[in-house]
>>> print(open('my_file-v1.csv').read())   # CSV, C-alpha atoms and all ligand atoms
chain,number,residue,atom,x,y,z
G,1,MET,CA,-25.4,13.9,64.0
G,2,CYS,CA,-25.5,11.2,66.6
G,3,TRP,CA,-22.4,9.4,65.3
G,4,MET,CA,-20.1,12.3,66.2
G,5,SER,CA,-20.7,11.9,70.0
G,6,SER,CA,-18.2,9.9,71.9
G,7,GLY,CA,-18.6,6.3,73.1
G,8,ARG,CA,-19.7,3.0,71.7
G,9,SER,CA,-23.5,3.4,72.0
G,10,ARG,CA,-23.9,6.5,70.0
G,11,CYS,CA,-27.2,5.7,68.3
G,12,PRO,CA,-30.2,5.4,70.7
G,13,THR,CA,-31.5,2.2,69.0
G,14,VAL,CA,-30.2,-0.7,67.0
G,15,ALA,CA,-32.6,0.2,64.2
G,16,GLY,CA,-30.8,3.5,63.7
G,17,CYS,CA,-31.0,7.2,64.0
G,18,SER,CA,-31.4,9.9,61.4
G,19,SER,CA,-28.6,12.0,59.9
G,20,SER,CA,-28.6,14.7,57.2
G,21,THR,CA,-27.8,11.9,54.7
G,22,GLY,CA,-30.1,9.1,55.8
G,23,ILE,CA,-30.6,6.4,58.4
G,24,ILE,CA,-27.6,5.3,60.4
G,25,ARG,CA,-27.6,1.6,61.3
G,26,MET,CA,-25.5,-0.5,63.4
G,27,LEU,CA,-25.3,-4.2,62.5
G,28,THR,CA,-28.0,-6.2,64.1
G,29,ASN,CA,-27.1,-9.0,66.4
G,30,THR,CA,-27.9,-11.5,63.7
G,31,GLN,CA,-25.6,-9.7,61.2
G,32,LEU,CA,-22.8,-9.6,63.9
G,33,ASP,CA,-23.2,-13.3,64.6
G,34,HIS,CA,-23.0,-14.0,60.8
G,35,PHE,CA,-19.7,-11.9,60.6
G,36,HIS,CA,-18.2,-13.8,63.6
G,37,GLU,CA,-19.2,-17.2,62.3
G,38,HIS,CA,-18.5,-16.8,58.6
G,39,GLY,CA,-15.9,-14.0,58.5
G,40,TRP,CA,-18.1,-11.8,56.4
G,41,VAL,CA,-21.6,-10.3,56.2
G,42,ALA,CA,-23.6,-8.5,53.5
G,43,VAL,CA,-25.8,-5.5,54.4
G,44,GLU,CA,-28.2,-4.3,51.7
G,45,ASP,CA,-29.4,-0.7,51.1
G,46,VAL,CA,-26.9,1.2,53.1
G,47,PHE,CA,-26.5,3.9,50.4
G,48,GLU,CA,-29.1,5.2,47.9
G,49,PRO,CA,-28.7,4.2,44.3
G,50,ASP,CA,-28.3,7.9,43.2
G,51,GLU,CA,-25.4,8.3,45.7
G,52,VAL,CA,-23.5,5.3,44.5
G,53,ASN,CA,-24.2,6.2,40.8
G,54,ARG,CA,-22.5,9.6,41.4
G,55,ILE,CA,-19.5,7.9,42.9
G,56,ALA,CA,-19.4,5.3,40.1
G,57,GLU,CA,-19.5,8.0,37.4
G,58,LEU,CA,-16.7,9.9,39.2
G,59,ALA,CA,-14.7,6.7,39.5
G,60,THR,CA,-15.1,6.1,35.7
G,61,ASP,CA,-14.0,9.7,34.9
G,62,VAL,CA,-11.0,9.6,37.2
G,63,SER,CA,-9.8,6.2,36.1
G,64,PHE,CA,-10.2,6.8,32.4
G,65,ALA,CA,-8.2,10.1,32.8
G,66,ASP,CA,-5.5,8.1,34.6
G,67,LEU,CA,-5.6,5.5,31.8
G,68,TYR,CA,-5.2,8.1,29.0
G,69,SER,CA,-2.3,9.7,30.8
G,70,LEU,CA,-0.3,6.4,31.1
G,71,ASP,CA,2.6,5.7,28.7
G,72,THR,CA,2.7,2.0,29.5
G,73,PRO,CA,0.0,-0.3,31.0
G,74,THR,CA,0.3,-0.9,34.7
G,75,TYR,CA,-1.6,-3.0,37.3
G,76,THR,CA,-4.3,-0.3,37.4
G,77,ILE,CA,-5.4,-1.3,33.9
G,78,ASP,CA,-7.2,-4.4,32.5
G,79,VAL,CA,-6.3,-5.4,28.9
G,80,GLY,CA,-8.8,-7.3,26.8
G,81,PRO,CA,-8.3,-10.0,24.2
G,82,ASP,CA,-8.0,-7.4,21.4
G,83,ARG,CA,-5.6,-5.3,23.4
G,84,GLN,CA,-8.3,-2.8,24.3
G,85,MET,CA,-7.7,-1.3,27.7
G,86,ALA,CA,-10.1,-0.3,30.6
G,87,PRO,CA,-9.5,0.8,34.2
G,88,ARG,CA,-8.9,-1.9,36.7
G,89,LYS,CA,-8.5,0.1,39.9
G,90,ILE,CA,-7.8,3.5,41.6
G,91,GLU,CA,-5.5,3.5,44.6
G,92,MET,CA,-6.4,5.6,47.6
G,93,PRO,CA,-9.4,7.4,45.9
G,94,SER,CA,-10.0,9.4,49.1
G,95,THR,CA,-6.8,11.3,48.3
G,96,ARG,CA,-7.9,12.1,44.8
G,97,HIS,CA,-11.3,13.8,45.2
G,98,ALA,CA,-13.3,15.4,48.0
G,99,ALA,CA,-16.4,13.4,46.9
G,100,PHE,CA,-14.6,10.1,47.4
G,101,ARG,CA,-13.4,11.3,50.8
G,102,ALA,CA,-16.9,12.2,51.9
G,103,PHE,CA,-18.1,8.9,50.7
G,104,VAL,CA,-15.6,6.8,52.6
G,105,PHE,CA,-16.1,8.7,55.8
G,106,ASP,CA,-19.9,8.6,55.5
G,107,PRO,CA,-21.5,8.1,59.0
G,108,ARG,CA,-23.5,5.1,57.7
G,109,LEU,CA,-20.3,3.3,56.7
G,110,ILE,CA,-18.4,4.3,59.8
G,111,GLU,CA,-21.2,3.1,62.1
G,112,LEU,CA,-21.3,-0.4,60.4
G,113,VAL,CA,-17.5,-0.7,60.7
G,114,GLN,CA,-17.6,0.4,64.3
G,115,SER,CA,-20.3,-2.2,65.1
G,116,ILE,CA,-17.6,-4.8,64.3
G,117,LEU,CA,-14.5,-3.1,65.7
G,118,GLY,CA,-16.1,-1.7,68.8
G,119,ARG,CA,-14.1,1.4,68.7
G,120,PRO,CA,-13.8,4.4,66.3
G,121,PRO,CA,-12.4,3.2,63.0
G,122,ILE,CA,-9.2,4.5,61.5
G,123,LEU,CA,-8.8,4.3,57.7
G,124,ILE,CA,-5.6,2.5,56.6
G,125,ARG,CA,-6.4,2.0,52.9
G,126,ASP,CA,-9.0,2.6,50.2
G,127,GLN,CA,-9.3,1.3,46.7
G,128,LEU,CA,-11.8,1.4,43.8
G,129,PHE,CA,-12.0,-1.9,42.0
G,130,MET,CA,-13.5,-1.2,38.6
G,131,LYS,CA,-13.9,-4.7,37.0
G,132,PRO,CA,-14.8,-3.5,33.5
G,133,PRO,CA,-17.2,-5.4,31.2
G,134,ARG,CA,-16.1,-8.4,29.2
G,135,PHE,CA,-12.5,-8.6,30.5
G,136,GLY,CA,-12.4,-7.3,34.0
G,137,SER,CA,-9.7,-9.5,35.6
G,138,GLU,CA,-10.1,-12.0,38.4
G,139,LYS,CA,-8.8,-11.1,41.9
G,140,PRO,CA,-7.4,-14.4,43.1
G,141,PHE,CA,-8.0,-15.9,46.6
G,142,HIS,CA,-6.1,-14.0,49.3
G,143,GLN,CA,-6.3,-12.9,52.9
G,144,ASP,CA,-6.1,-9.1,53.2
G,145,LEU,CA,-3.8,-9.4,56.2
G,146,ALA,CA,-1.1,-10.8,53.8
G,147,HIS,CA,-1.0,-7.2,52.4
G,148,PHE,CA,-1.2,-5.2,55.6
G,149,HIS,CA,1.3,-6.2,58.2
G,150,CYS,CA,-0.9,-5.1,61.0
G,151,GLU,CA,-2.1,-6.8,64.2
G,152,PRO,CA,-4.2,-8.0,65.9
G,153,ALA,CA,-6.2,-9.5,62.9
G,154,ASP,CA,-9.5,-9.1,64.7
G,155,LYS,CA,-9.1,-5.3,64.7
G,156,ILE,CA,-8.8,-5.0,60.9
G,157,VAL,CA,-11.9,-5.1,58.8
G,158,ALA,CA,-12.8,-4.4,55.2
G,159,ALA,CA,-15.9,-2.6,54.0
G,160,TRP,CA,-16.7,-3.2,50.3
G,161,VAL,CA,-19.4,-0.9,48.9
G,162,ALA,CA,-21.1,-2.1,45.7
G,163,LEU,CA,-21.4,0.7,43.2
G,164,ASP,CA,-23.1,-1.7,40.7
G,165,ASP,CA,-25.3,-4.7,41.4
G,166,ALA,CA,-22.7,-7.4,42.1
G,167,TYR,CA,-23.4,-11.1,41.4
G,168,VAL,CA,-21.5,-14.2,40.5
G,169,GLY,CA,-21.5,-13.4,36.7
G,170,ASN,CA,-19.8,-10.0,37.0
G,171,GLY,CA,-17.5,-10.8,39.8
G,172,CYS,CA,-19.0,-10.4,43.3
G,173,LEU,CA,-17.0,-11.4,46.4
G,174,ARG,CA,-16.7,-15.1,47.1
G,175,TYR,CA,-15.5,-16.3,50.5
G,176,ILE,CA,-14.1,-19.5,52.0
G,177,ASP,CA,-16.6,-19.5,54.9
G,178,GLY,CA,-15.0,-19.5,58.4
G,179,SER,CA,-11.5,-19.3,57.1
G,180,HIS,CA,-10.9,-16.2,59.3
G,181,ARG,CA,-10.5,-18.6,62.2
G,182,GLY,CA,-7.5,-20.3,60.6
G,183,ALA,CA,-3.9,-19.1,60.3
G,184,LEU,CA,-2.5,-16.4,58.1
G,185,LEU,CA,-1.3,-18.4,55.1
G,186,ALA,CA,2.0,-17.9,53.2
G,187,HIS,CA,1.2,-15.9,50.1
G,188,SER,CA,3.3,-15.7,46.9
G,189,PRO,CA,3.1,-13.3,43.9
G,190,VAL,CA,0.8,-14.5,41.1
G,191,PRO,CA,2.9,-15.3,38.0
G,192,GLY,CA,2.3,-12.5,35.5
G,193,ALA,CA,0.5,-10.4,38.0
G,194,SER,CA,3.0,-9.9,40.9
G,195,TYR,CA,0.8,-7.2,42.5
G,196,ASP,CA,-1.6,-10.0,43.4
G,197,LEU,CA,-0.6,-12.4,46.3
G,198,GLN,CA,-2.2,-15.8,46.7
G,199,PRO,CA,-1.7,-18.8,49.0
G,200,GLY,CA,-1.1,-22.3,47.6
G,201,ALA,CA,-4.2,-23.9,46.1
G,202,GLU,CA,-3.9,-26.9,48.5
G,203,THR,CA,-4.5,-24.6,51.4
G,204,ILE,CA,-7.9,-23.4,50.2
G,205,ASP,CA,-11.0,-25.5,51.0
G,206,ARG,CA,-13.2,-24.8,48.0
G,207,SER,CA,-16.0,-26.9,49.4
G,208,ARG,CA,-16.6,-24.0,51.8
G,209,GLU,CA,-16.9,-21.4,49.1
G,210,ARG,CA,-19.9,-19.0,49.3
G,211,ALA,CA,-20.8,-16.1,47.0
G,212,ALA,CA,-21.8,-12.8,48.5
G,213,PRO,CA,-24.0,-11.1,45.9
G,214,VAL,CA,-25.2,-7.6,46.8
G,215,ARG,CA,-27.2,-4.8,45.1
G,216,ARG,CA,-25.7,-1.4,44.4
G,217,GLY,CA,-25.6,0.6,47.6
G,218,GLY,CA,-25.1,-2.5,49.7
G,219,VAL,CA,-21.9,-3.1,51.8
G,220,VAL,CA,-20.1,-6.4,52.4
G,221,LEU,CA,-17.9,-6.4,55.5
G,222,HIS,CA,-15.1,-8.9,56.0
G,223,HIS,CA,-12.4,-10.0,58.5
G,224,SER,CA,-8.8,-9.4,57.6
G,225,LYS,CA,-8.0,-13.2,57.6
G,226,VAL,CA,-11.0,-14.5,55.6
G,227,LEU,CA,-10.0,-16.0,52.3
G,228,HIS,CA,-11.8,-14.2,49.4
G,229,MET,CA,-11.7,-13.6,45.7
G,230,THR,CA,-13.7,-12.0,42.8
G,231,GLY,CA,-14.1,-13.7,39.4
G,232,ARG,CA,-13.5,-12.3,35.9
G,233,ASN,CA,-16.3,-10.1,34.6
G,234,GLU,CA,-17.5,-11.6,31.4
G,235,THR,CA,-20.8,-9.7,31.3
G,236,GLU,CA,-21.6,-6.5,29.4
G,237,VAL,CA,-21.9,-4.4,32.6
G,238,TRP,CA,-19.4,-2.8,34.9
G,239,ARG,CA,-18.9,-4.2,38.4
G,240,ARG,CA,-17.4,-1.2,40.4
G,241,ALA,CA,-16.8,-1.4,44.1
G,242,TYR,CA,-15.3,1.0,46.7
G,243,SER,CA,-13.2,-1.0,49.2
G,244,CYS,CA,-11.8,0.4,52.4
G,245,HIS,CA,-9.9,-1.1,55.3
G,246,TRP,CA,-10.1,0.0,58.8
G,247,VAL,CA,-8.3,-0.6,62.1
G,248,THR,CA,-8.7,0.8,65.6
G,249,ASP,CA,-6.3,2.5,68.0
G,250,GLU,CA,-5.6,-1.0,69.4
G,251,ALA,CA,-4.0,-2.1,66.2
G,252,VAL,CA,-0.3,-1.8,65.3
G,253,CYS,CA,0.8,-1.4,61.7
G,254,PHE,CA,4.4,-2.2,60.8
G,255,ASP,CA,4.3,-1.1,57.2
G,256,ARG,CA,5.1,2.5,56.7
G,257,THR,CA,3.4,2.7,53.3
G,258,PHE,CA,0.1,3.0,55.2
G,259,ASP,CA,1.2,6.0,57.3
G,260,ILE,CA,-0.4,8.4,54.7
G,261,MET,CA,-3.8,6.7,55.1
G,262,TYR,CA,-3.8,6.4,58.9
G,263,VAL,CA,-6.7,8.7,59.4
G,264,PRO,CA,-9.3,8.6,62.3
G,265,ALA,CA,-12.8,8.7,60.9
G,266,SER,CA,-13.7,11.6,63.3
G,267,SER,CA,-10.9,13.9,61.9
G,268,GLU,CA,-11.0,13.2,58.2
G,269,GLU,CA,-10.7,17.0,57.6
G,270,SER,CA,-7.1,16.6,58.5
G,271,LEU,CA,-6.5,14.7,55.3
G,272,SER,CA,-5.6,17.4,52.8
X,301,LIG,O1,-13.4,-6.1,44.4
X,301,LIG,C1,-12.4,-6.9,44.1
X,301,LIG,O2,-12.3,-7.3,43.0
X,301,LIG,C2,-11.5,-7.3,45.2
X,301,LIG,C3,-11.8,-6.8,46.6
X,301,LIG,C4,-11.0,-7.2,47.7
X,301,LIG,O3,-10.2,-8.1,47.6
X,301,LIG,C5,-11.1,-6.5,49.0
X,301,LIG,O4,-11.9,-5.5,49.1
X,301,LIG,O5,-10.4,-6.9,50.0
X,302,NI,NI,-9.2,-8.4,49.5
>>> encode(input="my_file-v1.csv", output="structure tokens")
Amino acid sequence: MCWMSSGRSRCPTVAGCSSSTGIIRMLTNTQLDHFHEHGWVAVEDVFEPDEVNRIAELATDVSFADLYSLDTPTYTIDVGPDRQMAPRKIEMPSTRHAAFRAFVFDPRLIELVQSILGRPPILIRDQLFMKPPRFGSEKPFHQDLAHFHCEPADKIVAAWVALDDAYVGNGCLRYIDGSHRGALLAHSPVPGASYDLQPGAETIDRSRERAAPVRRGGVVLHHSKVLHMTGRNETEVWRRAYSCHWVTDEAVCFDRTFDIMYVPASSEESLS
């Protein structure tokens, strides 16, 4: 597989090269320009619908098993108006199942991330956001860097893989365009949901808000400082997404909680 060879220009053309799993694409120059100007870019059709359906089903099985094993609700659960419960998220899915691990280290994803970072990506965190039908909760505006304690900011990028079609109604990503060029804002815990951090409303320029809808199998990439949120899911369908955060060997992370996930993409087999 061409992605395993060393160096930046591993694929012979921008259009891509073949692998056992499909076509590997780097970002085009237009997509890269979009990322640098806006702080995010959506790339459709990276994974086949069947592939993401299998991951979505596994996510549903694992997260409901977690939910049934809980004594008291935690931040991994969403609670509906009639006290019904549904999974909200799975932390570090790549440590929970080999299929998640294979998915997050898929060469197609790695190549997109490397197009932005310019060097081999290292995984520092992955999460499955479930956003269940009818009462999947909002994720308020935040900059990912407020959670990470890594630097430099330009060497940290998120890849968000849509496991269901994601649109405004069911809670797709929404960005404050260009906010990655501003400062890292002071974030405070959200009242009643202290696991979520958000900056003051007065620091968010809502006139620059843009939605990033994407079909299942598409990937949205974003900069660690771009302000983003996802809305409440009030539709009848799930909005599941596999989010993963990457750095390079140029980055320094000060938070030891990420040590467990500090895995080079080329040696994922070392993660047991
Ligand atoms: O999917 C969501 O609801 C939130 C995702 C997010 O904030 C991220 O991937 O950085
Ligand atoms: Ni985020």
>>> residues_near_ligand(input="my_file-v1.csv", ligand="ligand LIG 301 (chain X)", cutoff="8 Å", atoms="all atoms listed in the file", output="list in words")
Gln127, Leu128, Phe129, Met130, Lys131, Glu138, Lys139, His142, Gln143, Asp144, Ala158, Ala159, Trp160, Gly171, Cys172, Leu173, His222, His228, Met229, Thr230, Gly231, Arg240, Ala241, Tyr242, Ser243, Cys244 and His245 of chain G
>>> residues_around(input="my_file-v1.csv", residues="G:Tyr167", least_positions_apart="4", cutoff="12 Å", atoms="only C-alpha atoms", output="PyMOL selection string")
chain G and resi 162+171-174+210-216+230-235+237-240
>>> closest_residue(input="my_file-v1.csv", among="G:Val62, G:Leu227, G:Ala42, G:Ala86", to="G:Gly136", atoms="only C-alpha atoms")
G:Ala86
>>> closest_residue(input="my_file-v1.csv", among="G:Lys225, G:Arg206, G:Arg119, G:Arg108", to="ligand NI 302 (chain X)", atoms="only C-alpha atoms and all ligand atoms")
G:Lys225
>>> closest_residue(input="my_file-v1.csv", among="G:Leu67, G:Leu163, G:Ala56, G:Ala146", to="ligand NI 302 (chain X)", atoms="only C-alpha atoms and all ligand atoms")
G:Ala146
>>> atom_distance(input="my_file-v1.csv", atom1="atom CA of G:Val190", atom2="atom CA of G:Asp205")
18.9 Å
>>> residues_around(input="my_file-v1.csv", residues="G:Gln31", least_positions_apart="3", cutoff="12 Å", atoms="only C-alpha atoms", output="list of chain:residue names")
G:Val14, G:Arg25, G:Met26, G:Leu27, G:Thr28, G:His34, G:Phe35, G:His36, G:Glu37, G:His38, G:Gly39, G:Trp40, G:Val41, G:Ala42, G:Val43, G:Glu44, G:Leu112, G:Ser115, G:Ile116, G:Val220, G:Leu221, G:His222
>>> atom_distance(input="my_file-v1.csv", atom1="atom CA of G:Asp45", atom2="atom CA of G:Phe64")
27.8 Å
>>> residues_around(input="my_file-v1.csv", residues="G:Arg96", least_positions_apart="6", cutoff="12 Å", atoms="all atoms listed in the file", output="VMD selection string")
chain G and resid 58 to 59 61 to 63 66 90 102 126 to 128 271 to 272
>>> write_last_selection(input="my_file-v1.csv", atoms="C-alpha atoms", output="PDB file, in the frame of the given file")
ATOM      1  CA  LEU G  58     -16.700   9.900  39.200  1.00  0.00           C
ATOM      2  CA  ALA G  59     -14.700   6.700  39.500  1.00  0.00           C
ATOM      3  CA  ASP G  61     -14.000   9.700  34.900  1.00  0.00           C
ATOM      4  CA  VAL G  62     -11.000   9.600  37.200  1.00  0.00           C
ATOM      5  CA  SER G  63      -9.800   6.200  36.100  1.00  0.00           C
ATOM      6  CA  ASP G  66      -5.500   8.100  34.600  1.00  0.00           C
ATOM      7  CA  ILE G  90      -7.800   3.500  41.600  1.00  0.00           C
ATOM      8  CA  ALA G 102     -16.900  12.200  51.900  1.00  0.00           C
ATOM      9  CA  ASP G 126      -9.000   2.600  50.200  1.00  0.00           C
ATOM     10  CA  GLN G 127      -9.300   1.300  46.700  1.00  0.00           C
ATOM     11  CA  LEU G 128     -11.800   1.400  43.800  1.00  0.00           C
ATOM     12  CA  LEU G 271      -6.500  14.700  55.300  1.00  0.00           C
ATOM     13  CA  SER G 272      -5.600  17.400  52.800  1.00  0.00           C
TER      14      SER G 272
END
>>> atom_distance(input="my_file-v1.csv", atom1="atom CA of G:Ile156", atom2="atom CA of G:Asn170")
26.8 Å
>>> closest_residue(input="my_file-v1.csv", among="G:Pro107, G:Gly169, G:Pro93, G:Gly217", to="G:Arg125", atoms="only C-alpha atoms")
G:Pro93
>>> closest_residue(input="my_file-v1.csv", among="G:Thr74, G:Thr248, G:Ser224, G:Ser69", to="ligand NI 302 (chain X)", atoms="only C-alpha atoms and all ligand atoms")
G:Ser224
>>> residues_around(input="my_file-v1.csv", residues="G:Leu197", least_positions_apart="6", cutoff="6 Å", atoms="all atoms listed in the file", output="list of chain:residue names")
G:His187, G:Ser188, G:Pro189, G:Val190
>>> residues_around(input="my_file-v1.csv", residues="G:Gly118", least_positions_apart="5", cutoff="12 Å", atoms="all atoms listed in the file", output="list in words")
Gly7, Arg8, Ser9, Arg10, Met26, Leu27, Leu32, Ile110, Glu111, Leu112, Val113, Asp154, Lys155, Ile156, Val157, Trp246, Val247, Thr248, Asp249 and Glu250 of chain G
>>> write_last_selection(input="my_file-v1.csv", atoms="C-alpha atoms", output="PDB file, in the frame of the given file")
ATOM      1  CA  GLY G   7     -18.600   6.300  73.100  1.00  0.00           C
ATOM      2  CA  ARG G   8     -19.700   3.000  71.700  1.00  0.00           C
ATOM      3  CA  SER G   9     -23.500   3.400  72.000  1.00  0.00           C
ATOM      4  CA  ARG G  10     -23.900   6.500  70.000  1.00  0.00           C
ATOM      5  CA  MET G  26     -25.500  -0.500  63.400  1.00  0.00           C
ATOM      6  CA  LEU G  27     -25.300  -4.200  62.500  1.00  0.00           C
ATOM      7  CA  LEU G  32     -22.800  -9.600  63.900  1.00  0.00           C
ATOM      8  CA  ILE G 110     -18.400   4.300  59.800  1.00  0.00           C
ATOM      9  CA  GLU G 111     -21.200   3.100  62.100  1.00  0.00           C
ATOM     10  CA  LEU G 112     -21.300  -0.400  60.400  1.00  0.00           C
ATOM     11  CA  VAL G 113     -17.500  -0.700  60.700  1.00  0.00           C
ATOM     12  CA  ASP G 154      -9.500  -9.100  64.700  1.00  0.00           C
ATOM     13  CA  LYS G 155      -9.100  -5.300  64.700  1.00  0.00           C
ATOM     14  CA  ILE G 156      -8.800  -5.000  60.900  1.00  0.00           C
ATOM     15  CA  VAL G 157     -11.900  -5.100  58.800  1.00  0.00           C
ATOM     16  CA  TRP G 246     -10.100   0.000  58.800  1.00  0.00           C
ATOM     17  CA  VAL G 247      -8.300  -0.600  62.100  1.00  0.00           C
ATOM     18  CA  THR G 248      -8.700   0.800  65.600  1.00  0.00           C
ATOM     19  CA  ASP G 249      -6.300   2.500  68.000  1.00  0.00           C
ATOM     20  CA  GLU G 250      -5.600  -1.000  69.400  1.00  0.00           C
TER      21      GLU G 250
END
>>> closest_residue(input="my_file-v1.csv", among="G:Asp106, G:Phe141, G:Ile55, G:His149", to="G:Ile124", atoms="only C-alpha atoms")
G:His149
>>> decode(input="my_file-v1.csv", residues="stretch 178-193 of chain G", atoms="N, CA and C atoms", output="mmCIF file, in the first residue's frame")
data_model
loop_
_atom_site.group_PDB
_atom_site.id
_atom_site.type_symbol
_atom_site.label_atom_id
_atom_site.label_comp_id
_atom_site.auth_asym_id
_atom_site.auth_seq_id
_atom_site.Cartn_x
_atom_site.Cartn_y
_atom_site.Cartn_z
ATOM 1 N N GLY G 178 -13.174 31.028 9.982
ATOM 2 C CA GLY G 178 -11.952 31.814 10.149
ATOM 3 C C GLY G 178 -11.515 32.006 11.592
ATOM 4 N N SER G 179 -12.277 31.470 12.557
ATOM 5 C CA SER G 179 -11.948 31.734 13.965
ATOM 6 C C SER G 179 -10.645 31.047 14.385
ATOM 7 N N HIS G 180 -10.120 30.134 13.571
ATOM 8 C CA HIS G 180 -8.845 29.478 13.917
ATOM 9 C C HIS G 180 -7.678 30.463 13.869
ATOM 10 N N ARG G 181 -7.932 31.638 13.223
ATOM 11 C CA ARG G 181 -6.848 32.629 13.149
ATOM 12 C C ARG G 181 -6.806 33.527 14.389
ATOM 13 N N GLY G 182 -7.828 33.394 15.249
ATOM 14 C CA GLY G 182 -7.859 34.196 16.477
ATOM 15 C C GLY G 182 -7.144 33.477 17.622
ATOM 16 N N ALA G 183 -7.328 34.036 18.816
ATOM 17 C CA ALA G 183 -6.642 33.486 20.003
ATOM 18 C C ALA G 183 -7.378 32.260 20.539
ATOM 19 N N LEU G 184 -6.690 31.516 21.384
ATOM 20 C CA LEU G 184 -7.375 30.492 22.181
ATOM 21 C C LEU G 184 -8.141 31.234 23.274
ATOM 22 N N LEU G 185 -9.465 31.062 23.299
ATOM 23 C CA LEU G 185 -10.319 31.814 24.221
ATOM 24 C C LEU G 185 -10.386 31.112 25.579
ATOM 25 N N ALA G 186 -10.681 31.898 26.616
ATOM 26 C CA ALA G 186 -10.897 31.293 27.936
ATOM 27 C C ALA G 186 -12.210 30.522 27.901
ATOM 28 N N HIS G 187 -12.191 29.266 28.307
ATOM 29 C CA HIS G 187 -13.388 28.423 28.336
ATOM 30 C C HIS G 187 -13.769 28.136 29.791
ATOM 31 N N SER G 188 -15.084 28.021 30.046
ATOM 32 C CA SER G 188 -15.552 27.643 31.384
ATOM 33 C C SER G 188 -16.514 26.469 31.261
ATOM 34 N N PRO G 189 -16.628 25.665 32.324
ATOM 35 C CA PRO G 189 -17.572 24.540 32.296
ATOM 36 C C PRO G 189 -19.013 25.033 32.090
ATOM 37 N N VAL G 190 -19.770 24.289 31.308
ATOM 38 C CA VAL G 190 -21.169 24.641 31.051
ATOM 39 C C VAL G 190 -21.992 24.255 32.286
ATOM 40 N N PRO G 191 -22.810 25.192 32.818
ATOM 41 C CA PRO G 191 -23.619 24.847 34.003
ATOM 42 C C PRO G 191 -24.501 23.619 33.732
ATOM 43 N N GLY G 192 -24.432 22.641 34.607
ATOM 44 C CA GLY G 192 -25.232 21.426 34.445
ATOM 45 C C GLY G 192 -24.595 20.404 33.522
ATOM 46 N N ALA G 193 -23.511 20.763 32.843
ATOM 47 C CA ALA G 193 -22.821 19.820 31.953
ATOM 48 C C ALA G 193 -21.334 20.192 31.980
#
